[in-house]
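Engineer: Structure file data.txt, compact mmCIF, C-alpha atoms, is pasted below:
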```txt
# COMPACT_ATOMS: atom_id res chain seq x y z
CA MET N 16 -66.77 -129.54 19.27
CA ASP N 17 -69.47 -129.62 16.59
CA GLU N 18 -72.32 -127.25 17.18
CA PRO N 19 -75.75 -128.79 16.85
CA GLY N 20 -76.70 -127.52 13.40
CA GLY N 21 -73.19 -125.98 13.41
CA SER N 22 -73.67 -122.77 11.48
CA TYR N 23 -70.65 -120.82 12.70
CA THR N 24 -68.20 -119.65 10.05
CA PHE N 25 -64.84 -117.86 9.99
CA ALA N 26 -66.69 -114.66 9.06
CA HIS N 27 -68.90 -115.07 12.13
CA GLY N 28 -65.76 -115.15 14.30
CA ALA N 29 -64.30 -112.17 12.48
CA ARG N 30 -67.49 -110.15 13.09
CA LYS N 31 -67.72 -111.08 16.76
CA VAL N 32 -64.16 -109.97 17.41
CA ALA N 33 -64.36 -106.56 15.68
CA PRO N 34 -64.86 -104.50 18.87
CA PHE N 35 -61.89 -106.25 20.45
CA SER N 36 -59.65 -105.57 17.48
CA ILE N 37 -59.85 -101.82 18.16
CA ALA N 38 -58.60 -102.29 21.72
CA VAL N 39 -55.97 -104.81 20.63
CA PHE N 40 -54.72 -102.42 17.90
CA GLY N 41 -54.33 -99.71 20.56
CA PHE N 42 -52.56 -102.17 22.84
CA GLY N 43 -50.23 -103.09 19.95
CA VAL N 44 -49.45 -99.39 19.47
CA SER N 45 -48.55 -99.13 23.18
CA PHE N 46 -46.29 -102.18 22.86
CA GLY N 47 -44.50 -100.71 19.83
CA VAL N 48 -44.01 -97.39 21.62
CA LEU N 49 -42.67 -99.09 24.75
CA ALA N 50 -40.39 -101.58 23.01
CA GLU N 51 -38.83 -99.45 20.25
CA PRO N 52 -36.25 -97.52 22.35
CA THR N 53 -34.64 -100.68 23.80
CA MET N 54 -35.42 -103.33 21.19
CA GLY N 55 -35.08 -101.31 17.99
CA ARG N 56 -37.61 -101.20 15.17
CA VAL N 57 -37.55 -104.73 13.82
CA ALA N 58 -37.43 -106.95 16.94
CA PRO N 59 -40.77 -105.75 18.42
CA ILE N 60 -42.54 -106.39 15.09
CA VAL N 61 -40.99 -109.86 14.77
CA MET N 62 -41.96 -110.56 18.39
CA SER N 63 -45.61 -109.62 17.80
CA SER N 64 -45.63 -111.74 14.64
CA VAL N 65 -44.30 -114.92 16.25
CA THR N 66 -45.54 -114.61 19.84
CA PHE N 67 -49.05 -113.04 19.73
CA ALA N 68 -49.46 -112.79 23.50
CA GLY N 69 -49.76 -109.14 24.47
CA SER N 70 -49.30 -109.15 28.23
CA ALA N 71 -46.24 -111.44 28.08
CA GLN N 72 -44.60 -109.27 25.42
CA PHE N 73 -45.31 -106.16 27.47
CA ALA N 74 -43.74 -107.70 30.56
CA ALA N 75 -40.62 -108.85 28.68
CA ALA N 76 -40.16 -105.47 26.97
CA SER N 77 -40.54 -103.46 30.17
CA ILE N 78 -38.04 -105.68 31.99
CA LEU N 79 -35.48 -105.14 29.21
CA GLN N 80 -36.19 -101.40 29.31
CA ASP N 81 -35.46 -101.33 33.05
CA GLY N 82 -32.11 -103.03 32.39
CA GLY N 83 -33.32 -106.47 33.52
CA THR N 84 -31.67 -109.73 32.45
CA LEU N 85 -32.69 -112.07 29.65
CA GLY N 86 -33.65 -114.67 32.28
CA ALA N 87 -35.97 -112.26 34.10
CA ALA N 88 -37.65 -111.23 30.85
CA VAL N 89 -38.19 -114.84 29.76
CA ILE N 90 -39.48 -116.02 33.16
CA ALA N 91 -41.98 -113.14 33.37
CA ALA N 92 -43.26 -113.88 29.86
CA VAL N 93 -43.56 -117.62 30.52
CA LEU N 94 -45.45 -117.01 33.79
CA LEU N 95 -47.85 -114.66 32.02
CA ASN N 96 -48.43 -117.25 29.30
CA ALA N 97 -48.75 -120.22 31.68
CA ARG N 98 -52.56 -119.90 31.60
CA TYR N 99 -52.43 -120.97 27.95
CA GLY N 100 -51.46 -124.46 29.14
CA PRO N 101 -54.88 -125.24 30.69
CA ILE N 102 -56.62 -123.03 28.11
CA GLY N 103 -55.01 -125.19 25.40
CA VAL N 104 -56.39 -128.32 27.07
CA SER N 105 -59.87 -126.76 27.12
CA VAL N 106 -59.88 -126.06 23.36
CA ALA N 107 -58.08 -129.30 22.39
CA PRO N 108 -61.24 -131.37 21.66
CA SER N 109 -62.42 -128.81 19.08
CA ILE N 110 -59.05 -128.39 17.31
CA THR N 111 -58.77 -131.08 14.65
CA GLY N 112 -56.55 -131.85 11.64
CA PRO N 113 -52.89 -132.89 11.33
CA TRP N 114 -50.53 -131.95 14.16
CA TRP N 115 -48.98 -128.96 12.34
CA SER N 116 -52.42 -127.55 11.62
CA ARG N 117 -53.39 -127.98 15.29
CA LEU N 118 -50.14 -126.25 16.30
CA LEU N 119 -50.90 -123.28 14.01
CA LYS N 120 -54.54 -122.96 15.09
CA ALA N 121 -53.43 -123.12 18.73
CA GLN N 122 -51.35 -119.97 18.21
CA LEU N 123 -54.57 -118.04 17.43
CA VAL N 124 -55.92 -118.84 20.90
CA VAL N 125 -55.70 -115.74 23.09
CA ASP N 126 -57.97 -114.72 25.97
CA GLU N 127 -60.42 -112.96 23.64
CA THR N 128 -60.73 -115.66 20.97
CA TRP N 129 -60.91 -118.37 23.63
CA ALA N 130 -63.79 -116.63 25.42
CA LEU N 131 -65.63 -115.69 22.20
CA SER N 132 -65.47 -119.28 20.96
CA ALA N 133 -66.99 -120.74 24.15
CA ASP N 134 -70.33 -122.43 23.54
CA GLY N 135 -71.44 -121.98 27.16
CA ARG N 136 -71.34 -125.72 27.83
CA GLY N 137 -67.57 -126.07 28.18
CA GLY N 138 -66.87 -126.56 24.45
CA HIS N 139 -65.22 -124.25 21.91
CA ASP N 140 -65.78 -123.59 18.21
CA ALA N 141 -62.61 -123.88 16.12
CA LYS N 142 -63.96 -121.74 13.26
CA ILE N 143 -64.55 -118.84 15.66
CA ILE N 144 -61.06 -119.25 17.09
CA VAL N 145 -59.50 -119.07 13.60
CA GLY N 146 -61.73 -116.30 12.17
CA ALA N 147 -61.52 -114.11 15.27
CA GLY N 148 -57.85 -115.00 15.80
CA LEU N 149 -56.76 -113.88 12.33
CA VAL N 150 -58.51 -110.50 12.71
CA LEU N 151 -57.01 -109.98 16.16
CA TYR N 152 -53.56 -111.08 14.95
CA ALA N 153 -53.69 -108.54 12.10
CA ALA N 154 -54.74 -105.81 14.58
CA TRP N 155 -51.95 -106.74 17.00
CA VAL N 156 -49.17 -106.79 14.37
CA THR N 157 -50.29 -103.64 12.52
CA GLY N 158 -50.73 -101.89 15.89
CA THR N 159 -47.15 -102.82 16.80
CA VAL N 160 -45.87 -101.52 13.44
CA ALA N 161 -47.79 -98.25 13.94
CA GLY N 162 -46.40 -97.88 17.46
CA VAL N 163 -42.81 -98.53 16.37
CA LEU N 164 -43.00 -96.15 13.39
CA PHE N 165 -45.41 -93.44 14.49
CA GLY N 166 -45.36 -93.72 18.29
CA ASP N 167 -44.50 -90.06 18.71
CA LEU N 168 -47.57 -88.96 16.79
CA VAL N 169 -50.07 -91.32 18.42
CA GLY N 170 -49.12 -90.63 22.02
CA ASP N 171 -50.17 -92.71 25.00
CA PRO N 172 -53.33 -94.78 24.31
CA ALA N 173 -54.17 -94.59 28.04
CA ARG N 174 -55.15 -90.98 27.35
CA TRP N 175 -58.00 -92.33 25.22
CA GLY N 176 -59.14 -94.63 28.03
CA LEU N 177 -58.24 -97.73 26.02
CA ASP N 178 -56.83 -99.44 29.12
CA ALA N 179 -60.42 -99.64 30.42
CA ALA N 180 -61.55 -101.35 27.22
CA PHE N 181 -60.01 -104.66 28.28
CA PRO N 182 -61.77 -105.13 31.63
CA ALA N 183 -65.02 -103.95 29.98
CA LEU N 184 -64.70 -106.53 27.21
CA PHE N 185 -63.64 -109.32 29.55
CA LEU N 186 -66.72 -108.48 31.63
CA ALA N 187 -68.91 -108.68 28.52
CA LEU N 188 -67.35 -112.09 27.81
CA LEU N 189 -67.74 -113.27 31.40
CA ILE N 190 -71.51 -112.72 31.70
CA PRO N 191 -72.62 -115.43 29.20
CA ASN N 192 -70.26 -117.87 30.93
CA LEU N 193 -72.00 -117.56 34.30
CA ASP N 194 -75.07 -119.69 33.58
CA ARG N 195 -73.53 -123.15 34.03
CA PRO N 196 -73.61 -125.00 37.37
CA HIS N 197 -70.82 -123.80 39.71
CA ALA N 198 -69.87 -120.99 37.29
CA LYS N 199 -70.73 -118.10 39.64
CA PRO N 200 -68.76 -119.47 42.62
CA ALA N 201 -65.84 -120.25 40.26
CA ALA N 202 -65.89 -116.63 39.01
CA ILE N 203 -66.04 -115.15 42.52
CA VAL N 204 -63.26 -117.41 43.84
CA GLY N 205 -61.14 -116.78 40.73
CA ALA N 206 -61.41 -112.99 41.06
CA ALA N 207 -60.70 -113.19 44.82
CA ILE N 208 -57.56 -115.32 44.29
CA ALA N 209 -56.31 -112.94 41.58
CA LEU N 210 -56.82 -109.82 43.70
CA ALA N 211 -55.34 -111.41 46.83
CA LEU N 212 -52.17 -112.53 45.03
CA THR N 213 -51.58 -109.39 42.91
CA PRO N 214 -49.64 -107.49 45.62
CA ILE N 215 -47.50 -110.48 46.65
CA ALA N 216 -46.86 -112.65 43.56
CA PRO N 217 -45.05 -111.96 40.26
CA ALA N 218 -47.30 -110.90 37.36
CA GLY N 219 -48.98 -113.89 35.73
CA VAL N 220 -49.04 -116.04 38.86
CA PRO N 221 -52.33 -114.52 40.16
CA ILE N 222 -54.09 -115.40 36.88
CA VAL N 223 -52.79 -118.97 36.78
CA ALA N 224 -53.70 -119.45 40.45
CA ALA N 225 -57.19 -118.07 39.76
CA GLY N 226 -57.62 -120.91 37.28
CA LEU N 227 -57.51 -123.32 40.23
CA ALA N 228 -61.01 -122.05 41.11
CA CYS N 229 -62.28 -124.38 38.38
CA LEU N 230 -61.58 -127.31 40.74
CA ILE N 231 -64.97 -126.37 42.24
CA GLY N 232 -66.31 -128.54 39.41
CA TRP N 233 -64.45 -131.63 40.66
CA ARG N 234 -67.28 -132.76 42.92
CA ARG N 235 -70.61 -133.43 41.28
CA MET V 21 -27.33 -111.76 18.85
CA THR V 22 -28.41 -108.94 21.16
CA ILE V 23 -30.40 -109.54 24.34
CA ALA V 24 -33.51 -108.17 22.60
CA TRP V 25 -33.28 -110.79 19.84
CA TRP V 26 -32.60 -113.60 22.33
CA THR V 27 -35.76 -112.50 24.18
CA VAL V 28 -37.75 -112.53 20.94
CA ALA V 29 -36.48 -116.03 20.07
CA ILE V 30 -36.90 -117.69 23.49
CA VAL V 31 -40.22 -116.07 24.42
CA GLY V 32 -41.54 -116.87 20.93
CA ALA V 33 -40.52 -120.53 21.11
CA ALA V 34 -41.84 -120.92 24.67
CA THR V 35 -45.19 -119.34 23.78
CA VAL V 36 -45.64 -121.53 20.70
CA ALA V 37 -44.90 -124.60 22.86
CA ILE V 38 -47.21 -123.60 25.74
CA LYS V 39 -50.11 -122.70 23.44
CA GLY V 40 -49.58 -125.72 21.21
CA ALA V 41 -49.16 -128.43 23.87
CA GLY V 42 -52.84 -129.13 24.56
CA PRO V 43 -54.12 -129.09 20.95
CA VAL V 44 -51.10 -131.00 19.57
CA LEU V 45 -51.08 -133.73 22.24
CA LEU V 46 -54.83 -134.06 22.87
CA GLY V 47 -56.33 -132.46 19.74
CA GLY V 48 -59.64 -133.73 18.37
CA ARG V 49 -60.36 -136.13 21.24
CA PRO V 50 -63.01 -135.46 23.90
CA LEU V 51 -61.68 -134.92 27.43
CA PRO V 52 -62.55 -137.38 30.22
CA GLU V 53 -65.87 -136.31 31.72
CA ARG V 54 -64.61 -135.10 35.08
CA LEU V 55 -61.70 -133.16 33.51
CA ALA V 56 -64.14 -131.62 31.01
CA ARG V 57 -66.35 -130.43 33.87
CA VAL V 58 -63.40 -128.86 35.68
CA ILE V 59 -61.89 -127.31 32.53
CA GLY V 60 -65.35 -125.94 31.61
CA LEU V 61 -65.16 -123.72 34.69
CA LEU V 62 -61.86 -122.20 33.54
CA ALA V 63 -63.74 -119.59 31.50
CA PRO V 64 -65.68 -118.00 34.38
CA ALA V 65 -62.69 -118.31 36.76
CA LEU V 66 -60.07 -116.83 34.41
CA LEU V 67 -62.32 -114.16 32.88
CA ALA V 68 -63.36 -112.93 36.35
CA ALA V 69 -59.67 -112.85 37.33
CA LEU V 70 -58.82 -110.86 34.17
CA VAL V 71 -61.65 -108.38 34.87
CA ALA V 72 -60.40 -107.92 38.44
CA ILE V 73 -56.72 -107.53 37.53
CA THR V 74 -57.21 -105.26 34.52
CA THR V 75 -59.58 -103.03 36.54
CA PHE V 76 -57.69 -102.78 39.84
CA GLY V 77 -54.17 -104.02 39.14
CA ASP V 78 -51.21 -101.67 38.68
CA GLU V 79 -47.94 -103.61 38.56
CA ARG V 80 -47.75 -105.27 41.99
CA ALA V 81 -50.43 -103.12 43.66
CA LEU V 82 -54.20 -102.77 43.76
CA VAL V 83 -55.48 -99.29 42.95
CA LEU V 84 -58.87 -97.64 42.60
CA ASP V 85 -58.65 -95.22 39.68
CA GLU V 86 -60.61 -93.93 36.67
CA ARG V 87 -60.70 -97.41 35.11
CA ALA V 88 -63.18 -98.52 37.79
CA LEU V 89 -65.60 -95.77 36.68
CA GLY V 90 -65.22 -96.86 33.06
CA VAL V 91 -65.82 -100.52 33.90
CA GLY V 92 -68.80 -99.60 36.09
CA ALA V 93 -70.31 -97.68 33.17
CA ALA V 94 -69.56 -100.67 30.92
CA ALA V 95 -71.41 -102.95 33.36
CA VAL V 96 -74.50 -100.73 33.04
CA ALA V 97 -74.17 -100.82 29.24
CA ILE V 98 -73.91 -104.63 29.31
CA TRP V 99 -76.95 -104.82 31.59
CA LEU V 100 -78.84 -102.65 29.06
CA LYS V 101 -77.84 -105.23 26.41
CA ALA V 102 -75.60 -102.81 24.49
CA PRO V 103 -73.47 -104.43 21.75
CA PRO V 104 -69.75 -104.96 22.59
CA LEU V 105 -68.60 -102.02 20.46
CA VAL V 106 -70.83 -99.67 22.47
CA VAL V 107 -69.56 -101.26 25.69
CA VAL V 108 -65.94 -100.52 24.69
CA ILE V 109 -66.73 -96.95 23.67
CA VAL V 110 -68.61 -96.29 26.92
CA ALA V 111 -65.76 -97.73 29.02
CA ALA V 112 -63.06 -95.79 27.16
CA ALA V 113 -65.03 -92.52 27.02
CA VAL V 114 -65.96 -92.53 30.72
CA THR V 115 -62.37 -93.41 31.73
CA ALA V 116 -60.81 -90.78 29.46
CA GLY V 117 -63.40 -88.21 30.56
CA ALA V 118 -62.75 -88.89 34.24
CA ARG V 119 -58.99 -88.60 33.65
CA ALA V 120 -59.45 -85.25 31.94
CA LEU V 121 -61.78 -83.85 34.61
CA LEU V 122 -60.61 -85.33 37.93
```
Kindly return the structure encoded in the file as structure tokens.
Structural biologist:
Amino acid sequence: MDEPGGSYTFAHGARKVAPFSIAVFGFGVSFGVLAEPTMGRVAPIVMSSVTFAGSAQFAAASILQDGGTLGAAVIAAVLLNARYGPIGVSVAPSITGPWWSRLLKAQLVVDETWALSADGRGGHDAKIIVGAGLVLYAAWVTGTVAGVLFGDLVGDPARWGLDAAFPALFLALLIPNLDRPHAKPAAIVGAAIALALTPIAPAGVPIVAAGLACLIGWRR
Amino acid sequence: MTIAWWTVAIVGAATVAIKGAGPVLLGGRPLPERLARVIGLLAPALLAALVAITTFGDERALVLDERALGVGAAAVAIWLKAPPLVVVIVAAAVTAGARALL
């Protein structure tokens, strides 16, 4: 969606995402450390390069580590990525160009780039998605490489409190999205659905179900 | 192919398809007005859900641990209009500090 006076650039997106890239690098290290014993050195790096969806990769790798089946690993990853279906619809109007270019740009959409690119009126800026996405992608892949190769030296990133960086950043992204009509009730209902389903549903389902809170916008 | 490589291949292909579906099929065209209004509320709904789950979720359980202190401190930093980098550092430092002390 074109910004009025659209002044956003790829560099703008890259700058906005910098604080996230630190947390994503740390998360990539954790993934490399977790995946290396069962998946070897190359497969985790290839996975981060082609998949670029942290929580789904984590789920698949931990299922394999626990001796789970291929089917269980794939289903968990697909459930965790299911939110990217509706998220993809929400960014679709702003992603232009030939189909292969739209397919490539779509791969750079993750929670962080999607939220950073929001214009607060329901639209998204494609330049921010691409600029921020490339920085985050580099952080994710290099983090995975570091975790696979030097995991023993780095240790557990949770010790550095990096696991709290994600909720903190998602909170920082949430606040500017609360100004629109119905946004506050949608946020409260979404969080309530997610918390209520966490103890009873497989990982990923609570987040997708929370997305249903956006139906609050159906009535005028 | 080992099970690890099959996982890499299938999860990779599925993710590319899920992420690509919307932009490839609908790309560049505005959404119908009512759908746009509903989809516009995805951001607050999903981001609030992510905040809740990454703060209190632990596998299939809800827990209250040091992360909540870190996120609480981050909320104060956000309220004081701190830049995102400061927000991250505050959240991580408070969480790591609480883990070391408690």
Engineer: For a quick test of understanding: name the residues of chain V lying within 6 Å of chain N when counting all atoms listed in the file, and present them as number ranges by chain.
Structural biologist: V: 24, 28, 31-32, 38-40, 42-44, 46-50, 57-62, 64-69, 71-72, 74-75, 80-81, 87, 91, 94, 105, 108, 111-112, 115-116
Engineer: Between CA of Gly162 (chain N) and CA of Phe40 (chain N), what is the distance, to one decimal in Å?
Structural biologist: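 We find that CA of Gly162 (chain N) and CA of Phe40 (chain N) lie 9.5 Å from each other.
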Engineer: Please report the interatomic distance between CA of Phe25 (chain N) and CA of Pro104 (chain V) in Å with one decimal.
Structural biologist: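 Result for CA of Phe25 (chain N) versus CA of Pro104 (chain V): 18.7 Å, one decimal.
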Engineer: Quick one, how far is CA of Val106 (chain V) from CA of Leu164 (chain N)?
Structural biologist: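 Computing the Euclidean distance for CA of Val106 (chain V) and CA of Leu164 (chain N) yields 29.5 Å.
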Engineer: Got a sec to check which residues sit within 6 Å of (-46.4, -100.4, 17.9), counting all atoms listed in the file, and write them as a PDB file with C-alpha atoms, keeping the file's coordinate frame?
Structural biologist:
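Output (result12.pdb):
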```pdb
ATOM      1  CA  GLY N  43     -50.230-103.090  19.950  1.00  0.00           C
ATOM      2  CA  VAL N  44     -49.450 -99.390  19.470  1.00  0.00           C
ATOM      3  CA  SER N  45     -48.550 -99.130  23.180  1.00  0.00           C
ATOM      4  CA  PHE N  46     -46.290-102.180  22.860  1.00  0.00           C
ATOM      5  CA  GLY N  47     -44.500-100.710  19.830  1.00  0.00           C
ATOM      6  CA  VAL N  48     -44.010 -97.390  21.620  1.00  0.00           C
ATOM      7  CA  GLY N 158     -50.730-101.890  15.890  1.00  0.00           C
ATOM      8  CA  THR N 159     -47.150-102.820  16.800  1.00  0.00           C
ATOM      9  CA  VAL N 160     -45.870-101.520  13.440  1.00  0.00           C
ATOM     10  CA  ALA N 161     -47.790 -98.250  13.940  1.00  0.00           C
ATOM     11  CA  GLY N 162     -46.400 -97.880  17.460  1.00  0.00           C
ATOM     12  CA  VAL N 163     -42.810 -98.530  16.370  1.00  0.00           C
TER      13      VAL N 163
END
```
Engineer: Compile the contact shell of Ala118 (chain V) as a CSV table (one decimal) with C-alpha atoms, in the frame of the given file: residues with an atom at most 7 Å away, counting only C-alpha atoms, same-chain residues fewer than 4 positions apart removed.
Structural biologist:
```
chain,number,residue,atom,x,y,z
V,86,GLU,CA,-60.6,-93.9,36.7
V,114,VAL,CA,-66.0,-92.5,30.7
V,122,LEU,CA,-60.6,-85.3,37.9
```
Engineer: Name all residues at most 6 Å from Ile143 (chain N) (count only C-alpha atoms; drop same-chain ones fewer than 2 positions away) and give them as a VMD selection string.
Structural biologist: chain N and resid 25 28 132 140 to 141 145 to 147
Engineer: Reconstruct region 102-122 of chain N at the level of N, CA and C atoms, and format the result as a short mmCIF file (atom, residue, chain, number, x, y, z; two decimals), in the coordinates of the input.
Structural biologist:
```
data_model
loop_
_atom_site.label_atom_id
_atom_site.label_comp_id
_atom_site.auth_asym_id
_atom_site.auth_seq_id
_atom_site.Cartn_x
_atom_site.Cartn_y
_atom_site.Cartn_z
N ILE N 102 -55.71 -123.52 29.16
CA ILE N 102 -56.62 -123.03 28.11
C ILE N 102 -56.48 -123.91 26.87
N GLY N 103 -55.25 -124.31 26.55
CA GLY N 103 -55.01 -125.19 25.40
C GLY N 103 -55.70 -126.53 25.57
N VAL N 104 -55.68 -127.06 26.81
CA VAL N 104 -56.39 -128.32 27.07
C VAL N 104 -57.89 -128.15 26.84
N SER N 105 -58.42 -126.97 27.24
CA SER N 105 -59.87 -126.76 27.12
C SER N 105 -60.32 -126.66 25.67
N VAL N 106 -59.46 -126.16 24.77
CA VAL N 106 -59.88 -126.06 23.36
C VAL N 106 -59.49 -127.30 22.56
N ALA N 107 -58.64 -128.16 23.14
CA ALA N 107 -58.08 -129.30 22.39
C ALA N 107 -59.14 -130.16 21.69
N PRO N 108 -60.28 -130.50 22.36
CA PRO N 108 -61.24 -131.37 21.66
C PRO N 108 -61.78 -130.77 20.37
N SER N 109 -61.82 -129.43 20.27
CA SER N 109 -62.42 -128.81 19.08
C SER N 109 -61.39 -128.55 17.99
N ILE N 110 -60.10 -128.67 18.31
CA ILE N 110 -59.05 -128.39 17.31
C ILE N 110 -58.64 -129.69 16.64
N THR N 111 -59.01 -129.82 15.36
CA THR N 111 -58.77 -131.08 14.65
C THR N 111 -57.79 -130.86 13.50
N GLY N 112 -57.48 -131.95 12.77
CA GLY N 112 -56.55 -131.85 11.64
C GLY N 112 -55.20 -132.42 12.01
N PRO N 113 -54.24 -132.39 11.05
CA PRO N 113 -52.89 -132.89 11.33
C PRO N 113 -52.20 -132.06 12.41
N TRP N 114 -51.12 -132.60 12.99
CA TRP N 114 -50.53 -131.95 14.16
C TRP N 114 -50.05 -130.53 13.86
N TRP N 115 -49.51 -130.30 12.63
CA TRP N 115 -48.98 -128.96 12.34
C TRP N 115 -50.12 -127.96 12.21
N SER N 116 -51.26 -128.43 11.73
CA SER N 116 -52.42 -127.55 11.62
C SER N 116 -52.97 -127.22 13.02
N ARG N 117 -52.95 -128.23 13.92
CA ARG N 117 -53.39 -127.98 15.29
C ARG N 117 -52.45 -127.00 15.99
N LEU N 118 -51.12 -127.15 15.69
CA LEU N 118 -50.14 -126.25 16.30
C LEU N 118 -50.38 -124.80 15.84
N LEU N 119 -50.67 -124.63 14.53
CA LEU N 119 -50.90 -123.28 14.01
C LEU N 119 -52.18 -122.68 14.57
N LYS N 120 -53.27 -123.48 14.57
CA LYS N 120 -54.54 -122.96 15.09
C LYS N 120 -54.40 -122.60 16.56
N ALA N 121 -53.61 -123.39 17.30
CA ALA N 121 -53.43 -123.12 18.73
C ALA N 121 -52.81 -121.75 18.97
N GLN N 122 -52.00 -121.27 18.02
CA GLN N 122 -51.35 -119.97 18.21
C GLN N 122 -52.37 -118.82 18.14
#
```
